[in-house]
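Structure file input_26.txt (compact mmCIF, N, CA and C atoms) is printed below.
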# COMPACT_ATOMS: atom_id res chain seq x y z
N MET L 4 19.56 3.96 11.74
CA MET L 4 18.99 3.02 10.80
C MET L 4 18.25 1.94 11.59
N SER L 5 17.03 1.63 11.21
CA SER L 5 16.25 0.61 11.91
C SER L 5 16.76 -0.77 11.58
N LYS L 6 16.34 -1.75 12.40
CA LYS L 6 16.76 -3.14 12.14
C LYS L 6 16.28 -3.60 10.78
N LYS L 7 15.04 -3.22 10.42
CA LYS L 7 14.52 -3.62 9.12
C LYS L 7 15.40 -3.05 8.01
N SER L 8 15.73 -1.80 8.11
CA SER L 8 16.57 -1.18 7.08
C SER L 8 17.94 -1.85 7.02
N ARG L 9 18.46 -2.22 8.16
CA ARG L 9 19.77 -2.87 8.19
C ARG L 9 19.73 -4.19 7.41
N TRP L 10 18.65 -4.96 7.57
CA TRP L 10 18.55 -6.24 6.88
C TRP L 10 18.23 -6.04 5.40
N GLU L 11 17.49 -5.01 5.08
CA GLU L 11 17.27 -4.70 3.67
C GLU L 11 18.59 -4.32 3.01
N GLU L 12 19.38 -3.52 3.68
CA GLU L 12 20.68 -3.11 3.13
C GLU L 12 21.60 -4.31 2.97
N GLU L 13 21.58 -5.22 3.93
CA GLU L 13 22.40 -6.43 3.83
C GLU L 13 21.99 -7.28 2.64
N LEU L 14 20.68 -7.47 2.48
CA LEU L 14 20.20 -8.29 1.35
C LEU L 14 20.51 -7.61 0.02
N LEU L 15 20.36 -6.31 -0.05
CA LEU L 15 20.69 -5.58 -1.27
C LEU L 15 22.17 -5.74 -1.60
N PHE L 16 23.03 -5.66 -0.59
CA PHE L 16 24.46 -5.87 -0.80
C PHE L 16 24.72 -7.25 -1.39
N GLN L 17 24.07 -8.28 -0.83
CA GLN L 17 24.25 -9.64 -1.32
C GLN L 17 23.78 -9.79 -2.77
N ILE L 18 22.64 -9.19 -3.07
CA ILE L 18 22.08 -9.26 -4.43
C ILE L 18 23.05 -8.64 -5.43
N LYS L 19 23.59 -7.47 -5.09
CA LYS L 19 24.52 -6.80 -5.99
C LYS L 19 25.83 -7.58 -6.12
N ALA L 20 26.32 -8.12 -5.00
CA ALA L 20 27.57 -8.89 -5.02
C ALA L 20 27.43 -10.15 -5.86
N ALA L 21 26.23 -10.71 -5.91
CA ALA L 21 25.99 -11.92 -6.70
C ALA L 21 25.78 -11.61 -8.18
N GLY L 22 25.71 -10.32 -8.53
CA GLY L 22 25.53 -9.93 -9.93
C GLY L 22 24.11 -10.12 -10.44
N LEU L 23 23.16 -10.15 -9.54
CA LEU L 23 21.76 -10.29 -9.94
C LEU L 23 21.22 -8.95 -10.42
N PRO L 24 20.10 -8.95 -11.12
CA PRO L 24 19.49 -7.67 -11.54
C PRO L 24 19.15 -6.82 -10.32
N ASP L 25 19.28 -5.52 -10.46
CA ASP L 25 18.93 -4.62 -9.36
C ASP L 25 17.42 -4.66 -9.12
N PRO L 26 17.02 -4.90 -7.88
CA PRO L 26 15.58 -4.87 -7.59
C PRO L 26 15.10 -3.44 -7.44
N GLU L 27 13.81 -3.25 -7.59
CA GLU L 27 13.22 -1.95 -7.29
C GLU L 27 12.87 -1.95 -5.81
N ARG L 28 13.15 -0.84 -5.14
CA ARG L 28 12.89 -0.75 -3.70
C ARG L 28 11.55 -0.07 -3.45
N GLU L 29 10.90 -0.51 -2.38
CA GLU L 29 9.61 0.05 -1.98
C GLU L 29 8.65 0.09 -3.17
N TYR L 30 8.53 -1.03 -3.82
CA TYR L 30 7.74 -1.14 -5.06
C TYR L 30 6.26 -1.27 -4.74
N ARG L 31 5.49 -0.35 -5.25
CA ARG L 31 4.04 -0.37 -5.07
C ARG L 31 3.41 -1.19 -6.19
N PHE L 32 2.88 -2.35 -5.84
CA PHE L 32 2.38 -3.28 -6.85
C PHE L 32 0.89 -3.13 -7.14
N ASP L 33 0.19 -2.29 -6.39
CA ASP L 33 -1.25 -2.13 -6.58
C ASP L 33 -1.58 -0.64 -6.59
N ASP L 34 -2.33 -0.21 -7.59
CA ASP L 34 -2.66 1.21 -7.71
C ASP L 34 -3.65 1.69 -6.66
N ASP L 35 -4.48 0.78 -6.16
CA ASP L 35 -5.54 1.18 -5.22
C ASP L 35 -5.11 1.12 -3.76
N ARG L 36 -4.10 0.35 -3.43
CA ARG L 36 -3.66 0.19 -2.06
C ARG L 36 -2.24 0.74 -1.91
N ARG L 37 -1.86 1.02 -0.70
CA ARG L 37 -0.52 1.56 -0.45
C ARG L 37 0.51 0.47 -0.20
N PHE L 38 0.13 -0.78 -0.37
CA PHE L 38 1.05 -1.88 -0.12
C PHE L 38 2.28 -1.76 -1.02
N ARG L 39 3.42 -2.05 -0.42
CA ARG L 39 4.69 -2.02 -1.17
C ARG L 39 5.52 -3.23 -0.77
N PHE L 40 6.31 -3.71 -1.72
CA PHE L 40 7.32 -4.73 -1.42
C PHE L 40 8.59 -4.02 -1.00
N ASP L 41 9.34 -4.62 -0.09
CA ASP L 41 10.65 -4.06 0.25
C ASP L 41 11.52 -4.02 -1.01
N PHE L 42 11.48 -5.13 -1.76
CA PHE L 42 12.17 -5.22 -3.04
C PHE L 42 11.23 -5.90 -4.03
N ALA L 43 11.36 -5.55 -5.29
CA ALA L 43 10.59 -6.23 -6.33
C ALA L 43 11.46 -6.44 -7.56
N PHE L 44 11.19 -7.55 -8.22
CA PHE L 44 11.79 -7.87 -9.49
C PHE L 44 10.63 -7.96 -10.49
N PRO L 45 10.14 -6.80 -10.95
CA PRO L 45 8.94 -6.78 -11.80
C PRO L 45 9.05 -7.65 -13.05
N ALA L 46 10.21 -7.71 -13.66
CA ALA L 46 10.36 -8.53 -14.87
C ALA L 46 10.16 -10.01 -14.57
N HIS L 47 10.39 -10.39 -13.33
CA HIS L 47 10.24 -11.78 -12.91
C HIS L 47 8.97 -11.99 -12.08
N ARG L 48 8.28 -10.90 -11.85
CA ARG L 48 6.98 -10.90 -11.16
C ARG L 48 7.04 -11.49 -9.74
N PHE L 49 8.07 -11.06 -8.97
CA PHE L 49 8.06 -11.44 -7.56
C PHE L 49 8.58 -10.31 -6.68
N GLY L 50 8.06 -10.32 -5.46
CA GLY L 50 8.44 -9.34 -4.47
C GLY L 50 9.15 -10.01 -3.31
N VAL L 51 9.91 -9.21 -2.56
CA VAL L 51 10.67 -9.71 -1.41
C VAL L 51 10.33 -8.85 -0.21
N GLU L 52 10.08 -9.52 0.90
CA GLU L 52 9.81 -8.85 2.17
C GLU L 52 10.87 -9.27 3.19
N CYS L 53 11.46 -8.28 3.85
CA CYS L 53 12.45 -8.53 4.91
C CYS L 53 11.77 -8.24 6.24
N HIS L 54 11.63 -9.27 7.06
CA HIS L 54 10.95 -9.12 8.34
C HIS L 54 11.96 -9.01 9.47
N GLY L 55 12.04 -7.83 10.06
CA GLY L 55 12.83 -7.65 11.27
C GLY L 55 11.91 -7.80 12.47
N GLY L 56 12.47 -7.82 13.64
CA GLY L 56 11.65 -7.87 14.85
C GLY L 56 10.87 -9.15 15.04
N VAL L 57 11.35 -10.24 14.50
CA VAL L 57 10.64 -11.51 14.59
C VAL L 57 10.61 -12.02 16.03
N TRP L 58 11.69 -11.82 16.76
CA TRP L 58 11.79 -12.36 18.12
C TRP L 58 11.54 -11.32 19.20
N ASN L 59 11.36 -10.07 18.84
CA ASN L 59 11.18 -9.04 19.87
C ASN L 59 9.83 -8.34 19.75
N LYS L 60 8.82 -9.08 19.38
CA LYS L 60 7.45 -8.58 19.28
C LYS L 60 7.32 -7.40 18.32
N GLY L 61 7.98 -7.51 17.20
CA GLY L 61 7.89 -6.49 16.17
C GLY L 61 6.53 -6.52 15.46
N ARG L 62 6.36 -5.67 14.52
CA ARG L 62 5.09 -5.49 13.81
C ARG L 62 4.56 -6.79 13.20
N HIS L 63 5.46 -7.61 12.67
CA HIS L 63 5.03 -8.79 11.91
C HIS L 63 4.57 -9.95 12.79
N VAL L 64 4.68 -9.83 14.10
CA VAL L 64 4.22 -10.90 14.98
C VAL L 64 3.05 -10.46 15.86
N ARG L 65 2.51 -9.31 15.59
CA ARG L 65 1.32 -8.82 16.30
C ARG L 65 0.10 -9.02 15.41
N GLY L 66 -1.05 -9.13 16.04
CA GLY L 66 -2.29 -9.42 15.32
C GLY L 66 -2.52 -8.54 14.10
N TYR L 67 -2.47 -7.22 14.30
CA TYR L 67 -2.74 -6.30 13.19
C TYR L 67 -1.70 -6.47 12.08
N GLY L 68 -0.42 -6.61 12.46
CA GLY L 68 0.64 -6.76 11.47
C GLY L 68 0.50 -8.03 10.67
N ILE L 69 0.16 -9.11 11.36
CA ILE L 69 -0.03 -10.39 10.67
C ILE L 69 -1.19 -10.29 9.70
N ARG L 70 -2.29 -9.71 10.16
CA ARG L 70 -3.47 -9.56 9.29
C ARG L 70 -3.14 -8.71 8.07
N SER L 71 -2.44 -7.62 8.26
CA SER L 71 -2.06 -6.74 7.16
C SER L 71 -1.12 -7.44 6.19
N ASP L 72 -0.16 -8.20 6.73
CA ASP L 72 0.76 -8.96 5.87
C ASP L 72 0.02 -9.99 5.03
N CYS L 73 -0.96 -10.66 5.65
CA CYS L 73 -1.77 -11.66 4.90
C CYS L 73 -2.56 -10.98 3.79
N GLU L 74 -3.16 -9.85 4.10
CA GLU L 74 -3.94 -9.12 3.11
C GLU L 74 -3.05 -8.69 1.94
N LYS L 75 -1.88 -8.18 2.26
CA LYS L 75 -0.92 -7.75 1.24
C LYS L 75 -0.49 -8.92 0.36
N ARG L 76 -0.09 -10.02 0.99
CA ARG L 76 0.37 -11.20 0.25
C ARG L 76 -0.74 -11.76 -0.63
N ASN L 77 -1.95 -11.86 -0.09
CA ASN L 77 -3.07 -12.38 -0.87
C ASN L 77 -3.38 -11.50 -2.08
N LEU L 78 -3.40 -10.19 -1.88
CA LEU L 78 -3.65 -9.26 -2.98
C LEU L 78 -2.57 -9.40 -4.06
N ALA L 79 -1.33 -9.49 -3.64
CA ALA L 79 -0.23 -9.64 -4.60
C ALA L 79 -0.37 -10.94 -5.39
N GLN L 80 -0.69 -12.02 -4.71
CA GLN L 80 -0.82 -13.30 -5.39
C GLN L 80 -2.00 -13.32 -6.34
N LEU L 81 -3.07 -12.65 -5.98
CA LEU L 81 -4.22 -12.56 -6.89
C LEU L 81 -3.87 -11.79 -8.16
N GLN L 82 -2.85 -10.94 -8.07
CA GLN L 82 -2.41 -10.17 -9.23
C GLN L 82 -1.23 -10.84 -9.95
N GLY L 83 -0.94 -12.08 -9.58
CA GLY L 83 0.08 -12.83 -10.28
C GLY L 83 1.50 -12.69 -9.76
N TRP L 84 1.66 -12.13 -8.57
CA TRP L 84 2.99 -11.96 -7.98
C TRP L 84 3.30 -13.12 -7.05
N ASP L 85 4.55 -13.56 -7.07
CA ASP L 85 5.06 -14.43 -6.02
C ASP L 85 5.65 -13.51 -4.96
N VAL L 86 5.56 -13.94 -3.70
CA VAL L 86 6.09 -13.13 -2.60
C VAL L 86 6.98 -14.03 -1.75
N PHE L 87 8.22 -13.60 -1.57
CA PHE L 87 9.16 -14.31 -0.72
C PHE L 87 9.43 -13.47 0.52
N GLU L 88 9.37 -14.12 1.68
CA GLU L 88 9.54 -13.41 2.95
C GLU L 88 10.70 -14.01 3.71
N PHE L 89 11.53 -13.14 4.30
CA PHE L 89 12.74 -13.60 4.97
C PHE L 89 12.94 -12.93 6.32
N THR L 90 13.48 -13.71 7.24
CA THR L 90 13.85 -13.20 8.56
C THR L 90 15.31 -12.75 8.50
N PRO L 91 15.76 -12.00 9.50
CA PRO L 91 17.17 -11.61 9.53
C PRO L 91 18.13 -12.80 9.46
N GLU L 92 17.78 -13.89 10.13
CA GLU L 92 18.64 -15.08 10.10
C GLU L 92 18.78 -15.64 8.69
N GLN L 93 17.68 -15.64 7.93
CA GLN L 93 17.72 -16.15 6.56
C GLN L 93 18.54 -15.24 5.65
N ILE L 94 18.51 -13.96 5.92
CA ILE L 94 19.33 -13.01 5.14
C ILE L 94 20.80 -13.21 5.49
N LYS L 95 21.08 -13.26 6.78
CA LYS L 95 22.46 -13.39 7.25
C LYS L 95 23.11 -14.69 6.76
N SER L 96 22.37 -15.77 6.74
CA SER L 96 22.92 -17.07 6.35
C SER L 96 23.10 -17.22 4.84
N GLY L 97 22.48 -16.35 4.05
CA GLY L 97 22.55 -16.46 2.59
C GLY L 97 21.38 -17.23 2.00
N GLU L 98 20.51 -17.76 2.87
CA GLU L 98 19.35 -18.51 2.39
C GLU L 98 18.45 -17.63 1.52
N ALA L 99 18.24 -16.38 1.92
CA ALA L 99 17.38 -15.47 1.15
C ALA L 99 17.95 -15.27 -0.26
N LEU L 100 19.24 -15.05 -0.35
CA LEU L 100 19.88 -14.86 -1.65
C LEU L 100 19.72 -16.11 -2.52
N THR L 101 19.88 -17.27 -1.94
CA THR L 101 19.73 -18.53 -2.69
C THR L 101 18.32 -18.65 -3.27
N VAL L 102 17.32 -18.32 -2.48
CA VAL L 102 15.93 -18.39 -2.95
C VAL L 102 15.71 -17.40 -4.10
N ILE L 103 16.22 -16.19 -3.95
CA ILE L 103 16.06 -15.17 -5.00
C ILE L 103 16.76 -15.61 -6.28
N GLU L 104 17.97 -16.16 -6.15
CA GLU L 104 18.69 -16.67 -7.33
C GLU L 104 17.88 -17.76 -8.03
N LYS L 105 17.33 -18.69 -7.26
CA LYS L 105 16.54 -19.78 -7.84
C LYS L 105 15.27 -19.26 -8.50
N ALA L 106 14.63 -18.27 -7.89
CA ALA L 106 13.41 -17.70 -8.47
C ALA L 106 13.70 -17.05 -9.82
N ILE L 107 14.80 -16.32 -9.91
CA ILE L 107 15.18 -15.68 -11.17
C ILE L 107 15.53 -16.75 -12.21
N GLU L 108 16.27 -17.75 -11.79
CA GLU L 108 16.65 -18.84 -12.71
C GLU L 108 15.41 -19.56 -13.24
N MET L 109 14.48 -19.89 -12.37
CA MET L 109 13.26 -20.58 -12.79
C MET L 109 12.45 -19.71 -13.74
N ASN L 110 12.38 -18.42 -13.44
CA ASN L 110 11.63 -17.50 -14.29
C ASN L 110 12.28 -17.41 -15.66
N ASN L 111 13.61 -17.36 -15.69
CA ASN L 111 14.32 -17.30 -16.98
C ASN L 111 14.07 -18.55 -17.80
N LYS L 112 14.08 -19.73 -17.15
CA LYS L 112 13.83 -20.98 -17.86
C LYS L 112 12.40 -21.01 -18.40
N ALA L 113 11.46 -20.56 -17.58
CA ALA L 113 10.06 -20.54 -18.03
C ALA L 113 9.90 -19.59 -19.21
N GLY L 114 10.56 -18.44 -19.14
CA GLY L 114 10.50 -17.47 -20.24
C GLY L 114 11.10 -18.04 -21.53
N ALA L 115 12.21 -18.75 -21.40
CA ALA L 115 12.84 -19.35 -22.58
C ALA L 115 11.94 -20.43 -23.18
N TYR L 116 11.30 -21.20 -22.32
CA TYR L 116 10.40 -22.25 -22.81
C TYR L 116 9.19 -21.64 -23.52
N LEU L 117 8.63 -20.57 -22.95
CA LEU L 117 7.50 -19.90 -23.61
C LEU L 117 7.91 -19.33 -24.96
N ALA L 118 9.09 -18.76 -25.03
CA ALA L 118 9.58 -18.23 -26.31
C ALA L 118 9.72 -19.36 -27.33
N HIS L 119 10.21 -20.50 -26.87
CA HIS L 119 10.34 -21.67 -27.74
C HIS L 119 8.97 -22.11 -28.26
N LEU L 120 7.98 -22.17 -27.38
CA LEU L 120 6.63 -22.57 -27.78
C LEU L 120 6.02 -21.58 -28.78
N LYS L 121 6.21 -20.29 -28.52
CA LYS L 121 5.68 -19.27 -29.44
C LYS L 121 6.31 -19.42 -30.82
N LYS L 122 7.60 -19.71 -30.86
CA LYS L 122 8.28 -19.90 -32.14
C LYS L 122 7.70 -21.12 -32.87
N ARG L 123 7.48 -22.19 -32.16
CA ARG L 123 6.92 -23.40 -32.79
C ARG L 123 5.53 -23.14 -33.34
N VAL L 124 4.70 -22.39 -32.58
CA VAL L 124 3.35 -22.05 -33.05
C VAL L 124 3.44 -21.20 -34.30
N ALA L 125 4.32 -20.19 -34.27
CA ALA L 125 4.49 -19.32 -35.44
C ALA L 125 4.97 -20.11 -36.65
N ASP L 126 5.92 -21.01 -36.42
CA ASP L 126 6.42 -21.86 -37.54
C ASP L 126 5.30 -22.73 -38.09
N ALA L 127 4.51 -23.32 -37.20
CA ALA L 127 3.41 -24.20 -37.64
C ALA L 127 2.39 -23.40 -38.45
N ARG L 128 2.08 -22.19 -38.02
CA ARG L 128 1.13 -21.34 -38.77
C ARG L 128 1.69 -20.98 -40.14
N ARG L 129 3.00 -20.67 -40.16
CA ARG L 129 3.64 -20.28 -41.41
C ARG L 129 3.64 -21.46 -42.39
N ASN L 130 3.95 -22.65 -41.91
CA ASN L 130 3.99 -23.85 -42.76
C ASN L 130 2.59 -24.23 -43.23
N LYS L 131 1.59 -23.96 -42.43
CA LYS L 131 0.22 -24.29 -42.80
C LYS L 131 -0.28 -23.40 -43.94
N SER L 132 0.18 -22.15 -43.97
CA SER L 132 -0.30 -21.22 -44.97
C SER L 132 0.45 -21.36 -46.30
N VAL L 133 1.47 -22.15 -46.35
CA VAL L 133 2.25 -22.32 -47.58
C VAL L 133 1.59 -23.26 -48.54
Here is a file; write its structure as structure tokens.
Amino acid sequence: MSKKSRWEEELLFQIKAAGLPDPEREYRFDDDRRFRFDFAFPAHRFGVECHGGVWNKGRHVRGYGIRSDCEKRNLAQLQGWDVFEFTPEQIKSGEALTVIEKAIEMNNKAGAYLAHLKKRVADARRNKSV
């Protein structure tokens, strides 16, 4: 198992232990490109990237890898996705899990607020037509 896979497995374990929704793995967010998120929460519109090899000249710290990561992140953001990126240290410390929990919580609050606004608009339209 590669270092990247080890950290993905660790983060997945933490996500499941915390009772969060199961993420989709290797999620392809664009039909025209082969870019994939390590994990995605499509209902919440965010992807997660686990970066291994940060200190040992891995892919993500070389010119081509950095350029490709920027292109991927920019494309995702243009399509309305948030992208969270984590190092092995952030996964090990629980920081990655905390960020994911907060992102889901914020998304749920925003969704509840939008539902509230839609209900008020519908009520106002209904009262206007009476």
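Inside chain L, the residues DSSP reads as strand (DSSP E) when given the backbone are Glu27, Arg28, Glu29, Tyr30, Arg31, Arg39, Phe40, Asp41, Phe42, Ala43, Phe44, Phe49, Gly50, Val51, Glu52, Cys53, Asp85, Val86, Phe87, Glu88 and Phe89 of chain L.
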Write the residues you've just listed into a file as a PDB file, in the frame of the given file, and include N, CA and C atoms for each of them.
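File written: selection37.pdb
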ATOM      1  N   GLU L  27      13.810  -3.250  -7.590  1.00  0.00           N
ATOM      2  CA  GLU L  27      13.220  -1.950  -7.290  1.00  0.00           C
ATOM      3  C   GLU L  27      12.870  -1.950  -5.810  1.00  0.00           C
ATOM      4  N   ARG L  28      13.150  -0.840  -5.140  1.00  0.00           N
ATOM      5  CA  ARG L  28      12.890  -0.750  -3.700  1.00  0.00           C
ATOM      6  C   ARG L  28      11.550  -0.070  -3.450  1.00  0.00           C
ATOM      7  N   GLU L  29      10.900  -0.510  -2.380  1.00  0.00           N
ATOM      8  CA  GLU L  29       9.610   0.050  -1.980  1.00  0.00           C
ATOM      9  C   GLU L  29       8.650   0.090  -3.170  1.00  0.00           C
ATOM     10  N   TYR L  30       8.530  -1.030  -3.820  1.00  0.00           N
ATOM     11  CA  TYR L  30       7.740  -1.140  -5.060  1.00  0.00           C
ATOM     12  C   TYR L  30       6.260  -1.270  -4.740  1.00  0.00           C
ATOM     13  N   ARG L  31       5.490  -0.350  -5.250  1.00  0.00           N
ATOM     14  CA  ARG L  31       4.040  -0.370  -5.070  1.00  0.00           C
ATOM     15  C   ARG L  31       3.410  -1.190  -6.190  1.00  0.00           C
ATOM     16  N   ARG L  39       3.420  -2.050  -0.420  1.00  0.00           N
ATOM     17  CA  ARG L  39       4.690  -2.020  -1.170  1.00  0.00           C
ATOM     18  C   ARG L  39       5.520  -3.230  -0.770  1.00  0.00           C
ATOM     19  N   PHE L  40       6.310  -3.710  -1.720  1.00  0.00           N
ATOM     20  CA  PHE L  40       7.320  -4.730  -1.420  1.00  0.00           C
ATOM     21  C   PHE L  40       8.590  -4.020  -1.000  1.00  0.00           C
ATOM     22  N   ASP L  41       9.340  -4.620  -0.090  1.00  0.00           N
ATOM     23  CA  ASP L  41      10.650  -4.060   0.250  1.00  0.00           C
ATOM     24  C   ASP L  41      11.520  -4.020  -1.010  1.00  0.00           C
ATOM     25  N   PHE L  42      11.480  -5.130  -1.760  1.00  0.00           N
ATOM     26  CA  PHE L  42      12.170  -5.220  -3.040  1.00  0.00           C
ATOM     27  C   PHE L  42      11.230  -5.900  -4.030  1.00  0.00           C
ATOM     28  N   ALA L  43      11.360  -5.550  -5.290  1.00  0.00           N
ATOM     29  CA  ALA L  43      10.590  -6.230  -6.330  1.00  0.00           C
ATOM     30  C   ALA L  43      11.460  -6.440  -7.560  1.00  0.00           C
ATOM     31  N   PHE L  44      11.190  -7.550  -8.220  1.00  0.00           N
ATOM     32  CA  PHE L  44      11.790  -7.870  -9.490  1.00  0.00           C
ATOM     33  C   PHE L  44      10.630  -7.960 -10.490  1.00  0.00           C
ATOM     34  N   PHE L  49       8.070 -11.060  -8.970  1.00  0.00           N
ATOM     35  CA  PHE L  49       8.060 -11.440  -7.560  1.00  0.00           C
ATOM     36  C   PHE L  49       8.580 -10.310  -6.680  1.00  0.00           C
ATOM     37  N   GLY L  50       8.060 -10.320  -5.460  1.00  0.00           N
ATOM     38  CA  GLY L  50       8.440  -9.340  -4.470  1.00  0.00           C
ATOM     39  C   GLY L  50       9.150 -10.010  -3.310  1.00  0.00           C
ATOM     40  N   VAL L  51       9.910  -9.210  -2.560  1.00  0.00           N
ATOM     41  CA  VAL L  51      10.670  -9.710  -1.410  1.00  0.00           C
ATOM     42  C   VAL L  51      10.330  -8.850  -0.210  1.00  0.00           C
ATOM     43  N   GLU L  52      10.080  -9.520   0.900  1.00  0.00           N
ATOM     44  CA  GLU L  52       9.810  -8.850   2.170  1.00  0.00           C
ATOM     45  C   GLU L  52      10.870  -9.270   3.190  1.00  0.00           C
ATOM     46  N   CYS L  53      11.460  -8.280   3.850  1.00  0.00           N
ATOM     47  CA  CYS L  53      12.450  -8.530   4.910  1.00  0.00           C
ATOM     48  C   CYS L  53      11.770  -8.240   6.240  1.00  0.00           C
ATOM     49  N   ASP L  85       4.550 -13.560  -7.070  1.00  0.00           N
ATOM     50  CA  ASP L  85       5.060 -14.430  -6.020  1.00  0.00           C
ATOM     51  C   ASP L  85       5.650 -13.510  -4.960  1.00  0.00           C
ATOM     52  N   VAL L  86       5.560 -13.940  -3.700  1.00  0.00           N
ATOM     53  CA  VAL L  86       6.090 -13.130  -2.600  1.00  0.00           C
ATOM     54  C   VAL L  86       6.980 -14.030  -1.750  1.00  0.00           C
ATOM     55  N   PHE L  87       8.220 -13.600  -1.570  1.00  0.00           N
ATOM     56  CA  PHE L  87       9.160 -14.310  -0.720  1.00  0.00           C
ATOM     57  C   PHE L  87       9.430 -13.470   0.520  1.00  0.00           C
ATOM     58  N   GLU L  88       9.370 -14.120   1.680  1.00  0.00           N
ATOM     59  CA  GLU L  88       9.540 -13.410   2.950  1.00  0.00           C
ATOM     60  C   GLU L  88      10.700 -14.010   3.710  1.00  0.00           C
ATOM     61  N   PHE L  89      11.530 -13.140   4.300  1.00  0.00           N
ATOM     62  CA  PHE L  89      12.740 -13.600   4.970  1.00  0.00           C
ATOM     63  C   PHE L  89      12.940 -12.930   6.320  1.00  0.00           C
TER      64      PHE L  89
END
Which of chain L DSSP labels helix (DSSP H, G or I), written as a PyMOL selection string: chain L and resi 6-20+45-47+62-64+66-81+91-96+98-132
Contacts of stretch 32-40 of chain L at 10 Å (only C-alpha atoms; same-chain gap of 2+ positions) as a PyMOL selection string: chain L and resi 27-30+42-45+48-53+71-72+74-76+78-79+82+84+86-88
Residue neighbourhood stretch 98-110 of chain L, 7 Å, only N, CA and C atoms, exclusion window fewer than 5 positions, as a list in words: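 Counting only the stated atoms, we get Gln17, Ile18, His47, Phe89, Glu92, Gln93 and Ala115 of chain L.
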Atomic distance atom CA of L:Gln80 - atom N of L:Leu15, expressed in Å with one decimal: 22.9 Å
For L:Pro26, the nearest of the candidates L:Gly83, L:Gly97, L:Leu117, L:Leu14, counting only C-alpha atoms: L:Leu14
Å distance separating atom C of L:Gly114 from atom C of L:Ala46, one decimal place: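 Computed distance, atom C of L:Gly114 to atom C of L:Ala46, equals 10.7 Å.
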Separation of atom CA of L:His54 from atom CA of L:Thr90 in Å: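 Pair atom CA of L:Thr90 / atom CA of L:His54 returns 5.0 Å.
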